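Q: Below you will find the structure I want to go over with you.
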Amino acid sequence: MSDLIANSSPRSGPSLVERLAVKIRRRESPVYDWTYRFAKALKGVQMPFYRPLFRLLYYERMARLSAWRNLIRVVYQEPVFKARCHSVGQHFQLRDEQIPLVLGHLRLVIGNNVTISGVTTFAGSKMAEDPVLEIGDNSHIGYQTVILVGQRVSVGKHCMIANRCFIAGADNHHPDPLKRRTEAEPASALRTTVIEDDVFVATGSTVVKGVTIGRGSIVSTGSVVTRNVPPYTVVAGNPARVVWRFQRPAAE
């Protein structure tokens with residue numbers, strides 16, 4: 001095979017420029033050595049630094065980019081995303097210069113003053129008749145968060161879902177290892193996942209299907225919530241366990 005390749009395609013050596021570059025890098029003569037050191041010196045050349053001027057240029061750049069990004073968000077990204085939703089409340093905002101990826105026949109119901117990172121994924125199980133994702137007033141969904149909806153996923157009011165979280169209402173695979181090869185998750189396995197008001201789900205956490213996280217609770221970073229969380233508790237770990245309880249606010 002190697003002989004065939006050698007005979008079918010004549011070998012071409014390095015070009016004149018490539019040979020010259022090798023000689024300079026090897027510094028094979030005083031001329032090449034001087035050329036090499038001159039090229040290295042050019043890499044260290046810097047623009048004269050005048051702090052007031054470049055500080056002004058820095059803030060000019062920040063203002064220009066911010067204005068452009070906000071214009072795109074207001075006139076294009078948010079209207080396009082709202083068109084995909086069932087309903088969206090007032091003062092909705094997208095962040096991170098993108099539009100969330102919505103998969104399947106998911107119904108999105110979003111409250112007032114909600115902020116969502118554009119780098120998020122919302123998906124509805126194909127086995128659900130009417131998968132619904134509800135996000136309550138004044139809640140936030142963070143960067144690279146994924147929400148997979150079975151029957152329903154409900155995020156309450158004043159909730160903070162941090163970056164890179166995964167919230168599930170379905171498994172998206174059959175529990176039986178043989179049926180998994182050819183069959184989807186049965187509709188009877190879909191569940192409703194509820195995150196009540198004032199909950200904080202910290203970065204990198206996972207909430208599995210069928211779980212209810214009680215009002216005011218905190219899910220610590222990287223936790224895997226596999227069972228219901230009582231109101232006003234802090235859970236941590238894999239699987240998440242209660243590590244702290246605090247008093248209900250006096251206003252309640």
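In the structure tokens, chains take letters A, B, ... by order of appearance, with residues numbered from 1 within each chain and ligands from 1 in the order shown.
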Identify, with DSSP run on backbone atoms, the residues in segment 191-252 of chain A assigned to strand (DSSP E or B), and express the list as a PyMOL selection string.

A: chain A and resi 192-195+200-201+206-207+212-213+218-219+224-225+229+233-236+241-245

Q: For segment 35-40 of chain A, find every residue with an atom within 12 Å (counting only C-alpha atoms), except residues of its own chain fewer than 2 positions away, and show them as number ranges by chain.

A: A: 20-33, 42-45

Q: Could you name the residues that touch Cys159 of chain A at 7 Å or less, counting only C-alpha atoms, but leaving out those on the same chain fewer than 6 positions away, as a list in words?

A: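 Contacts, with the query itself left out: Ser139, His140, Asp197, Asp198, Val199 and Phe200 of chain A.
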
Q: I need the alpha helix (DSSP H) residues of segment 19-97 of chain A per DSSP on the backbone, written as an MDAnalysis selection string.

A: chainID A and resid 19:26 30:43 51:72 78:84

Q: Deliver the residues from the most recent selection as a file, using N, CA and C atoms, as a short mmCIF file (atom, residue, chain, number, x, y, z; two decimals), in the first residue's frame.

A:
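Output file selection23.cif is given in full below:
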```
data_model
loop_
_atom_site.label_atom_id
_atom_site.label_comp_id
_atom_site.auth_asym_id
_atom_site.auth_seq_id
_atom_site.Cartn_x
_atom_site.Cartn_y
_atom_site.Cartn_z
N ARG A 19 11.63 26.46 3.86
CA ARG A 19 13.05 26.19 4.11
C ARG A 19 13.73 27.40 4.74
N LEU A 20 13.36 28.59 4.27
CA LEU A 20 13.93 29.80 4.84
C LEU A 20 13.53 29.97 6.29
N ALA A 21 12.25 29.69 6.60
CA ALA A 21 11.77 29.82 7.98
C ALA A 21 12.51 28.85 8.90
N VAL A 22 12.78 27.64 8.43
CA VAL A 22 13.51 26.67 9.24
C VAL A 22 14.93 27.16 9.51
N LYS A 23 15.58 27.70 8.51
CA LYS A 23 16.94 28.20 8.69
C LYS A 23 16.97 29.33 9.71
N ILE A 24 15.96 30.22 9.66
CA ILE A 24 15.93 31.33 10.62
C ILE A 24 15.71 30.80 12.04
N ARG A 25 14.77 29.84 12.20
CA ARG A 25 14.52 29.30 13.54
C ARG A 25 15.74 28.56 14.09
N ARG A 26 16.51 27.94 13.19
CA ARG A 26 17.73 27.23 13.62
C ARG A 26 18.90 28.18 13.82
N PRO A 30 25.01 34.03 10.97
CA PRO A 30 24.82 35.31 11.66
C PRO A 30 23.63 36.09 11.12
N VAL A 31 23.39 36.03 9.81
CA VAL A 31 22.25 36.76 9.23
C VAL A 31 20.94 36.18 9.73
N TYR A 32 20.84 34.85 9.72
CA TYR A 32 19.62 34.20 10.21
C TYR A 32 19.44 34.45 11.72
N ASP A 33 20.55 34.45 12.44
CA ASP A 33 20.48 34.71 13.88
C ASP A 33 19.96 36.12 14.14
N TRP A 34 20.46 37.11 13.40
CA TRP A 34 20.00 38.49 13.55
C TRP A 34 18.52 38.61 13.18
N THR A 35 18.12 37.93 12.11
CA THR A 35 16.71 37.97 11.69
C THR A 35 15.81 37.37 12.77
N TYR A 36 16.27 36.27 13.37
CA TYR A 36 15.48 35.62 14.43
C TYR A 36 15.30 36.56 15.63
N ARG A 37 16.43 37.17 16.09
CA ARG A 37 16.36 38.06 17.25
C ARG A 37 15.54 39.31 16.96
N PHE A 38 15.61 39.80 15.70
CA PHE A 38 14.81 40.98 15.32
C PHE A 38 13.31 40.65 15.36
N ALA A 39 12.95 39.47 14.85
CA ALA A 39 11.54 39.06 14.87
C ALA A 39 11.04 38.90 16.31
N LYS A 40 11.88 38.33 17.17
CA LYS A 40 11.49 38.19 18.58
C LYS A 40 11.30 39.55 19.23
N ALA A 41 12.18 40.49 18.88
CA ALA A 41 12.07 41.82 19.46
C ALA A 41 10.80 42.52 19.01
N LEU A 42 10.39 42.28 17.76
CA LEU A 42 9.16 42.91 17.26
C LEU A 42 7.95 42.47 18.05
N LYS A 43 7.96 41.21 18.54
CA LYS A 43 6.83 40.71 19.32
C LYS A 43 6.65 41.46 20.62
N ARG A 51 -3.02 56.39 30.12
CA ARG A 51 -4.16 55.83 30.85
C ARG A 51 -5.49 56.55 30.59
N PRO A 52 -5.57 57.87 30.66
CA PRO A 52 -6.89 58.51 30.44
C PRO A 52 -7.50 58.19 29.08
N LEU A 53 -6.65 58.14 28.04
CA LEU A 53 -7.16 57.85 26.71
C LEU A 53 -7.72 56.44 26.62
N PHE A 54 -6.95 55.46 27.10
CA PHE A 54 -7.38 54.07 26.96
C PHE A 54 -8.48 53.71 27.94
N ARG A 55 -8.54 54.38 29.07
CA ARG A 55 -9.68 54.19 29.96
C ARG A 55 -10.95 54.68 29.28
N LEU A 56 -10.85 55.84 28.60
CA LEU A 56 -12.00 56.35 27.85
C LEU A 56 -12.42 55.39 26.74
N LEU A 57 -11.43 54.83 26.00
CA LEU A 57 -11.73 53.87 24.95
C LEU A 57 -12.38 52.60 25.51
N TYR A 58 -11.95 52.20 26.70
CA TYR A 58 -12.53 51.01 27.33
C TYR A 58 -14.02 51.21 27.61
N TYR A 59 -14.35 52.34 28.23
CA TYR A 59 -15.75 52.58 28.55
C TYR A 59 -16.58 52.88 27.30
N GLU A 60 -15.94 53.46 26.29
CA GLU A 60 -16.66 53.66 25.02
C GLU A 60 -17.03 52.32 24.41
N ARG A 61 -16.10 51.38 24.45
CA ARG A 61 -16.37 50.05 23.91
C ARG A 61 -17.48 49.36 24.69
N MET A 62 -17.42 49.42 26.01
CA MET A 62 -18.44 48.79 26.84
C MET A 62 -19.82 49.37 26.54
N ALA A 63 -19.90 50.70 26.43
CA ALA A 63 -21.19 51.35 26.17
C ALA A 63 -21.71 50.98 24.79
N ARG A 64 -20.82 50.94 23.80
CA ARG A 64 -21.24 50.63 22.43
C ARG A 64 -21.76 49.19 22.33
N LEU A 65 -21.02 48.24 22.92
CA LEU A 65 -21.46 46.85 22.87
C LEU A 65 -22.74 46.64 23.65
N SER A 66 -22.86 47.30 24.79
CA SER A 66 -24.07 47.16 25.60
C SER A 66 -25.30 47.69 24.85
N ALA A 67 -25.13 48.83 24.21
CA ALA A 67 -26.25 49.41 23.46
C ALA A 67 -26.67 48.49 22.31
N TRP A 68 -25.70 47.94 21.61
CA TRP A 68 -26.02 47.05 20.49
C TRP A 68 -26.70 45.77 20.98
N ARG A 69 -26.17 45.18 22.04
CA ARG A 69 -26.76 43.94 22.55
C ARG A 69 -28.18 44.15 23.06
N ASN A 70 -28.40 45.27 23.72
CA ASN A 70 -29.75 45.56 24.21
C ASN A 70 -30.72 45.81 23.07
N LEU A 71 -30.23 46.46 22.01
CA LEU A 71 -31.09 46.68 20.85
C LEU A 71 -31.52 45.35 20.24
N ILE A 72 -30.57 44.44 20.03
CA ILE A 72 -30.89 43.13 19.47
C ILE A 72 -31.84 42.36 20.38
N GLU A 78 -36.14 38.82 22.29
CA GLU A 78 -37.28 38.65 23.18
C GLU A 78 -38.60 38.46 22.42
N PRO A 79 -38.88 39.23 21.37
CA PRO A 79 -40.13 38.97 20.62
C PRO A 79 -40.18 37.57 20.00
N VAL A 80 -39.05 37.08 19.49
CA VAL A 80 -39.01 35.75 18.90
C VAL A 80 -39.31 34.69 19.95
N PHE A 81 -38.70 34.82 21.12
CA PHE A 81 -38.94 33.84 22.18
C PHE A 81 -40.38 33.92 22.70
N LYS A 82 -40.90 35.13 22.87
CA LYS A 82 -42.27 35.29 23.34
C LYS A 82 -43.27 34.64 22.39
N ALA A 83 -42.97 34.69 21.10
CA ALA A 83 -43.86 34.09 20.12
C ALA A 83 -43.97 32.58 20.30
N ARG A 84 -42.94 31.97 20.88
CA ARG A 84 -42.96 30.52 21.12
C ARG A 84 -43.69 30.15 22.42
#
```

Q: When you draw a straight line from atom CA of Phe166 of chain A to atom CA of Thr221 of chain A, how long is it in Å?

A: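 Pair atom CA of Phe166 of chain A / atom CA of Thr221 of chain A returns 12.0 Å.
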
Q: Contacts of Gly214 of chain A at 6 Å or less, counting only C-alpha atoms, minus same-chain residues fewer than 5 places along, as a list of chain:residue names?

A: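 Counting only the stated atoms, we get A:Glu196, A:Val229, A:Pro230, A:Pro231.
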
Q: Let's have the selection written as a compact mmCIF listing (two decimals), in the first residue's frame, with C-alpha atoms.

A:
```
# COMPACT_ATOMS: atom_id res chain seq x y z
CA GLU A 196 -42.24 26.36 45.50
CA VAL A 229 -37.44 18.91 50.54
CA PRO A 230 -39.32 20.39 53.53
CA PRO A 231 -39.96 24.15 53.56
```

Q: At a cut-off of 10 Å, can you tabulate as a tab-separated table every residue of segment 146-251 of chain A near segment 121-131 of chain A together with its closest atom pair and the distance in Å to one decimal, using only C-alpha atoms and ordering rows by chain then number?

A:
```
residue	atom	partner	partner_atom	distance
A:Val146	CA	A:Thr121	CA	4.8
A:Ile147	CA	A:Phe122	CA	5.0
A:Leu148	CA	A:Ala123	CA	4.9
A:Val149	CA	A:Gly124	CA	4.8
A:Gly150	CA	A:Ser125	CA	5.4
A:Gln151	CA	A:Pro131	CA	5.0
A:Arg152	CA	A:Pro131	CA	5.6
A:Val153	CA	A:Pro131	CA	8.2
A:Phe166	CA	A:Thr121	CA	9.7
A:Ile167	CA	A:Phe122	CA	9.7
A:Ala168	CA	A:Ala123	CA	9.6
A:Gly169	CA	A:Ser125	CA	8.5
A:Ala170	CA	A:Ser125	CA	6.9
A:Asp171	CA	A:Ser125	CA	8.9
A:Asn172	CA	A:Ser125	CA	7.0
A:Ala184	CA	A:Met127	CA	7.8
A:Glu185	CA	A:Met127	CA	7.2
A:Pro186	CA	A:Met127	CA	6.8
A:Ala187	CA	A:Met127	CA	5.2
A:Ser188	CA	A:Met127	CA	9.0
A:Ala189	CA	A:Met127	CA	9.5
A:Leu190	CA	A:Ala128	CA	7.5
A:Arg191	CA	A:Ala128	CA	9.8
A:Thr192	CA	A:Pro131	CA	9.6
```
